[in-house]
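Content type TSV, N, CA and C atoms, from the file upload-v9.tsv:
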chain	number	residue	atom	x	y	z
A	1	MET	N	-18.47	-54.02	28.49
A	1	MET	CA	-18.52	-52.85	27.64
A	1	MET	C	-19.54	-53.08	26.55
A	2	SER	N	-20.46	-52.19	26.39
A	2	SER	CA	-21.46	-52.33	25.34
A	2	SER	C	-20.91	-51.80	24.03
A	3	ARG	N	-21.42	-52.33	22.95
A	3	ARG	CA	-20.97	-51.92	21.62
A	3	ARG	C	-21.21	-50.43	21.40
A	4	SER	N	-22.34	-49.92	21.85
A	4	SER	CA	-22.66	-48.52	21.63
A	4	SER	C	-21.70	-47.58	22.34
A	5	SER	N	-21.11	-48.01	23.43
A	5	SER	CA	-20.18	-47.13	24.13
A	5	SER	C	-18.83	-47.04	23.43
A	6	SER	N	-18.57	-47.96	22.49
A	6	SER	CA	-17.29	-47.93	21.81
A	6	SER	C	-17.37	-47.32	20.42
A	7	LEU	N	-18.56	-46.88	20.03
A	7	LEU	CA	-18.75	-46.29	18.71
A	7	LEU	C	-19.24	-44.86	18.86
A	8	SER	N	-18.85	-44.05	17.88
A	8	SER	CA	-19.31	-42.67	17.87
A	8	SER	C	-19.32	-42.18	16.44
A	9	THR	N	-20.14	-41.20	16.15
A	9	THR	CA	-20.12	-40.63	14.81
A	9	THR	C	-19.23	-39.41	14.72
A	10	SER	N	-18.74	-38.91	15.86
A	10	SER	CA	-17.88	-37.72	15.81
A	10	SER	C	-16.98	-37.64	17.03
A	11	ALA	N	-16.19	-38.67	17.28
A	11	ALA	CA	-15.32	-38.69	18.45
A	11	ALA	C	-14.21	-37.66	18.34
A	12	ASP	N	-13.74	-37.41	17.14
A	12	ASP	CA	-12.66	-36.46	16.90
A	12	ASP	C	-13.24	-35.37	16.01
A	13	PRO	N	-13.27	-34.13	16.47
A	13	PRO	CA	-13.91	-33.08	15.68
A	13	PRO	C	-13.24	-32.85	14.32
A	14	ARG	N	-12.02	-33.32	14.15
A	14	ARG	CA	-11.35	-33.14	12.86
A	14	ARG	C	-11.81	-34.14	11.82
A	15	LEU	N	-12.24	-35.30	12.24
A	15	LEU	CA	-12.67	-36.34	11.30
A	15	LEU	C	-14.05	-36.84	11.72
A	16	ALA	N	-14.99	-36.74	10.80
A	16	ALA	CA	-16.37	-37.15	11.09
A	16	ALA	C	-16.84	-38.14	10.03
A	17	VAL	N	-17.87	-38.87	10.35
A	17	VAL	CA	-18.46	-39.81	9.42
A	17	VAL	C	-18.86	-39.05	8.15
A	18	GLY	N	-18.49	-39.62	7.00
A	18	GLY	CA	-18.78	-39.00	5.71
A	18	GLY	C	-17.68	-38.10	5.19
A	19	GLN	N	-16.73	-37.77	6.04
A	19	GLN	CA	-15.66	-36.86	5.66
A	19	GLN	C	-14.63	-37.57	4.78
A	20	PRO	N	-14.20	-36.93	3.69
A	20	PRO	CA	-13.13	-37.51	2.89
A	20	PRO	C	-11.79	-37.41	3.62
A	21	VAL	N	-10.97	-38.43	3.45
A	21	VAL	CA	-9.64	-38.46	4.07
A	21	VAL	C	-8.63	-38.99	3.06
A	22	TYR	N	-7.37	-38.66	3.30
A	22	TYR	CA	-6.27	-39.12	2.48
A	22	TYR	C	-5.44	-40.12	3.27
A	23	LEU	N	-4.97	-41.14	2.59
A	23	LEU	CA	-4.11	-42.13	3.21
A	23	LEU	C	-2.69	-41.59	3.28
A	24	ARG	N	-2.10	-41.56	4.46
A	24	ARG	CA	-0.75	-41.02	4.66
A	24	ARG	C	0.36	-42.01	4.31
A	25	GLU	N	0.00	-43.28	4.20
A	25	GLU	CA	1.00	-44.31	3.91
A	25	GLU	C	0.39	-45.35	2.99
A	26	ALA	N	1.22	-45.96	2.16
A	26	ALA	CA	0.75	-47.01	1.28
A	26	ALA	C	0.36	-48.24	2.09
A	27	LEU	N	-0.67	-48.92	1.64
A	27	LEU	CA	-1.10	-50.19	2.23
A	27	LEU	C	-1.15	-51.21	1.10
A	28	PRO	N	0.02	-51.66	0.64
A	28	PRO	CA	0.07	-52.55	-0.53
A	28	PRO	C	-0.66	-53.87	-0.32
A	29	GLN	N	-0.78	-54.32	0.93
A	29	GLN	CA	-1.46	-55.59	1.20
A	29	GLN	C	-2.95	-55.54	0.84
A	30	ILE	N	-3.50	-54.34	0.75
A	30	ILE	CA	-4.90	-54.22	0.34
A	30	ILE	C	-5.03	-53.36	-0.93
A	31	GLY	N	-3.90	-53.12	-1.60
A	31	GLY	CA	-3.92	-52.44	-2.89
A	31	GLY	C	-4.13	-50.94	-2.85
A	32	LEU	N	-3.73	-50.28	-1.77
A	32	LEU	CA	-3.91	-48.83	-1.67
A	32	LEU	C	-2.57	-48.11	-1.65
A	33	GLU	N	-2.48	-47.03	-2.42
A	33	GLU	CA	-1.27	-46.22	-2.47
A	33	GLU	C	-1.40	-45.03	-1.54
A	34	ARG	N	-0.26	-44.50	-1.13
A	34	ARG	CA	-0.24	-43.27	-0.34
A	34	ARG	C	-1.00	-42.19	-1.11
A	35	GLY	N	-1.83	-41.44	-0.42
A	35	GLY	CA	-2.61	-40.38	-1.06
A	35	GLY	C	-3.98	-40.83	-1.54
A	36	ALA	N	-4.29	-42.14	-1.44
A	36	ALA	CA	-5.61	-42.62	-1.84
A	36	ALA	C	-6.68	-41.88	-1.03
A	37	ILE	N	-7.79	-41.58	-1.67
A	37	ILE	CA	-8.87	-40.85	-1.02
A	37	ILE	C	-9.96	-41.84	-0.60
A	38	GLY	N	-10.36	-41.73	0.66
A	38	GLY	CA	-11.43	-42.56	1.19
A	38	GLY	C	-12.41	-41.70	1.96
A	39	ALA	N	-13.40	-42.35	2.54
A	39	ALA	CA	-14.39	-41.65	3.35
A	39	ALA	C	-14.56	-42.38	4.68
A	40	VAL	N	-14.61	-41.61	5.75
A	40	VAL	CA	-14.84	-42.18	7.07
A	40	VAL	C	-16.27	-42.71	7.12
A	41	VAL	N	-16.43	-43.97	7.52
A	41	VAL	CA	-17.77	-44.54	7.64
A	41	VAL	C	-18.14	-44.86	9.08
A	42	MET	N	-17.12	-44.91	9.97
A	42	MET	CA	-17.39	-45.16	11.38
A	42	MET	C	-16.20	-44.66	12.20
A	43	VAL	N	-16.49	-44.19	13.39
A	43	VAL	CA	-15.45	-43.75	14.32
A	43	VAL	C	-15.51	-44.63	15.55
A	44	PHE	N	-14.39	-45.22	15.91
A	44	PHE	CA	-14.28	-46.04	17.11
A	44	PHE	C	-13.53	-45.24	18.17
A	45	THR	N	-14.01	-45.28	19.39
A	45	THR	CA	-13.34	-44.54	20.47
A	45	THR	C	-12.69	-45.46	21.49
A	46	ARG	N	-13.03	-46.75	21.47
A	46	ARG	CA	-12.44	-47.69	22.42
A	46	ARG	C	-12.06	-48.97	21.71
A	47	PRO	N	-10.99	-49.61	22.02
A	47	PRO	CA	-10.09	-49.27	23.11
A	47	PRO	C	-9.22	-48.05	22.84
A	48	ARG	N	-9.15	-47.62	21.55
A	48	ARG	CA	-8.49	-46.37	21.23
A	48	ARG	C	-9.12	-45.81	19.96
A	49	LEU	N	-8.86	-44.56	19.70
A	49	LEU	CA	-9.44	-43.89	18.54
A	49	LEU	C	-8.98	-44.56	17.25
A	50	ALA	N	-9.93	-44.89	16.40
A	50	ALA	CA	-9.65	-45.47	15.09
A	50	ALA	C	-10.83	-45.15	14.17
A	51	TYR	N	-10.57	-45.26	12.88
A	51	TYR	CA	-11.59	-44.93	11.89
A	51	TYR	C	-11.76	-46.07	10.90
A	52	GLU	N	-13.00	-46.41	10.61
A	52	GLU	CA	-13.31	-47.34	9.52
A	52	GLU	C	-13.43	-46.46	8.28
A	53	VAL	N	-12.62	-46.77	7.27
A	53	VAL	CA	-12.57	-45.93	6.07
A	53	VAL	C	-12.85	-46.79	4.84
A	54	GLU	N	-13.71	-46.29	3.97
A	54	GLU	CA	-14.02	-46.97	2.72
A	54	GLU	C	-13.31	-46.25	1.57
A	55	PHE	N	-12.64	-47.04	0.74
A	55	PHE	CA	-11.98	-46.53	-0.46
A	55	PHE	C	-12.73	-47.09	-1.66
A	56	VAL	N	-13.15	-46.21	-2.57
A	56	VAL	CA	-13.98	-46.59	-3.70
A	56	VAL	C	-13.22	-46.31	-4.99
A	57	GLY	N	-13.35	-47.22	-5.96
A	57	GLY	CA	-12.72	-47.05	-7.27
A	57	GLY	C	-13.53	-46.11	-8.14
A	58	GLU	N	-12.96	-45.80	-9.31
A	58	GLU	CA	-13.63	-44.91	-10.26
A	58	GLU	C	-14.97	-45.46	-10.73
A	59	ASP	N	-15.12	-46.78	-10.68
A	59	ASP	CA	-16.37	-47.40	-11.10
A	59	ASP	C	-17.44	-47.40	-10.00
A	60	GLY	N	-17.08	-46.87	-8.83
A	60	GLY	CA	-18.02	-46.79	-7.72
A	60	GLY	C	-18.02	-48.00	-6.81
A	61	ALA	N	-17.25	-49.02	-7.18
A	61	ALA	CA	-17.17	-50.24	-6.35
A	61	ALA	C	-16.17	-50.05	-5.22
A	62	THR	N	-16.47	-50.63	-4.09
A	62	THR	CA	-15.56	-50.55	-2.95
A	62	THR	C	-14.27	-51.29	-3.27
A	63	ARG	N	-13.14	-50.61	-3.11
A	63	ARG	CA	-11.82	-51.21	-3.31
A	63	ARG	C	-11.31	-51.78	-2.00
A	64	ALA	N	-11.61	-51.08	-0.90
A	64	ALA	CA	-11.16	-51.53	0.42
A	64	ALA	C	-12.02	-50.88	1.48
A	65	LEU	N	-12.22	-51.62	2.56
A	65	LEU	CA	-12.89	-51.13	3.76
A	65	LEU	C	-12.02	-51.59	4.91
A	66	THR	N	-11.40	-50.65	5.59
A	66	THR	CA	-10.41	-51.02	6.59
A	66	THR	C	-10.42	-50.06	7.77
A	67	THR	N	-9.96	-50.54	8.90
A	67	THR	CA	-9.86	-49.72	10.10
A	67	THR	C	-8.46	-49.15	10.19
A	68	LEU	N	-8.37	-47.84	10.39
A	68	LEU	CA	-7.09	-47.14	10.39
A	68	LEU	C	-6.95	-46.28	11.64
A	69	LEU	N	-5.72	-46.11	12.06
A	69	LEU	CA	-5.41	-45.22	13.18
A	69	LEU	C	-5.31	-43.78	12.70
A	70	PRO	N	-5.51	-42.81	13.58
A	70	PRO	CA	-5.45	-41.41	13.17
A	70	PRO	C	-4.15	-41.05	12.45
A	71	LYS	N	-3.03	-41.64	12.84
A	71	LYS	CA	-1.75	-41.31	12.22
A	71	LYS	C	-1.66	-41.81	10.77
A	72	GLN	N	-2.57	-42.68	10.35
A	72	GLN	CA	-2.54	-43.24	9.01
A	72	GLN	C	-3.35	-42.45	7.99
A	73	ILE	N	-4.19	-41.52	8.45
A	73	ILE	CA	-5.04	-40.74	7.55
A	73	ILE	C	-5.00	-39.27	7.91
A	74	SER	N	-5.40	-38.46	6.95
A	74	SER	CA	-5.39	-37.02	7.15
A	74	SER	C	-6.56	-36.40	6.40
A	75	ALA	N	-7.07	-35.30	6.92
A	75	ALA	CA	-8.14	-34.57	6.24
A	75	ALA	C	-7.59	-33.73	5.09
A	76	THR	N	-6.28	-33.58	5.03
A	76	THR	CA	-5.64	-32.82	3.95
A	76	THR	C	-4.72	-33.74	3.16
A	77	GLU	N	-4.55	-33.41	1.90
A	77	GLU	CA	-3.71	-34.22	1.02
A	77	GLU	C	-2.26	-34.20	1.49
A	78	PRO	N	-1.62	-35.37	1.55
A	78	PRO	CA	-0.22	-35.41	1.99
A	78	PRO	C	0.68	-34.71	0.98
A	79	ALA	N	1.67	-34.01	1.48
A	79	ALA	CA	2.64	-33.32	0.61
A	79	ALA	C	3.57	-34.33	-0.03
A	80	GLY	N	3.99	-34.00	-1.24
A	80	GLY	CA	5.00	-34.82	-1.91
A	80	GLY	C	4.41	-35.98	-2.54
Please express the file's structure as structure tokens.
Amino acid sequence: MSRSSSLSTSADPRLAVGQPVYLREALPQIGLERGAIGAVVMVFTRPRLAYEVEFVGEDGATRALTTLLPKQISATEPAG
């Protein structure tokens, strides 16, 4: 399997590279709370759909860069 076949910039029409996303669940191990806002920086399609998401602090520095499954992020702010 070549690397290029496992990467895409728009595998899921709902989430695209550069799109802001909300974290649906807290990830305390990397210091992120539920509802944190990040941006999709890469879309993986194999072995399954996943997104590389960057979370940036108010100072503009990267707080976290992590790979997340679709069920962990949303294009809309989580309720509650």
Next item on the list: Select, from A:Ala64, A:Val21, A:Leu69, A:Ala36, the residue with the minimum atom-to-atom distance to A:Leu49, counting only C-alpha atoms.
Entry: A:Leu69
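Selecting helix (DSSP H, G or I) from the backbone DSSP output for chain A yields A:Arg3, A:Ser4, A:Ser5, A:Ser6, A:Pro28, A:Gln29, A:Ile30, A:Pro70, A:Lys71, A:Gln72.
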Notebook entry, point to check: Which of these, A:Gln72, A:Pro78, A:Tyr22, A:Ala16, has the shortest distance to A:Val43 once you count only N, CA and C atoms?
Noted result: A:Ala16
Next item on the list: May I have all residues of chain A that DSSP, computed from the backbone, assigns to strand (DSSP E or B), given as a ChimeraX atom specification?
Entry: /A:7-8,12,15,20-23,27,32,37-44,50-56,62-68,73-74
Using the file's own x, y and z axes, what box holds all listed atoms of stretch 34-44 of chain A with 6 Å on each side, keeping edges along x, y and z, and what are its centre and edge lengths in Å to one decimal, as JSON?
{"center_x": -9.2, "center_y": -43.2, "center_z": 8.2, "size_x": 29.9, "size_y": 17.7, "size_z": 32.0}
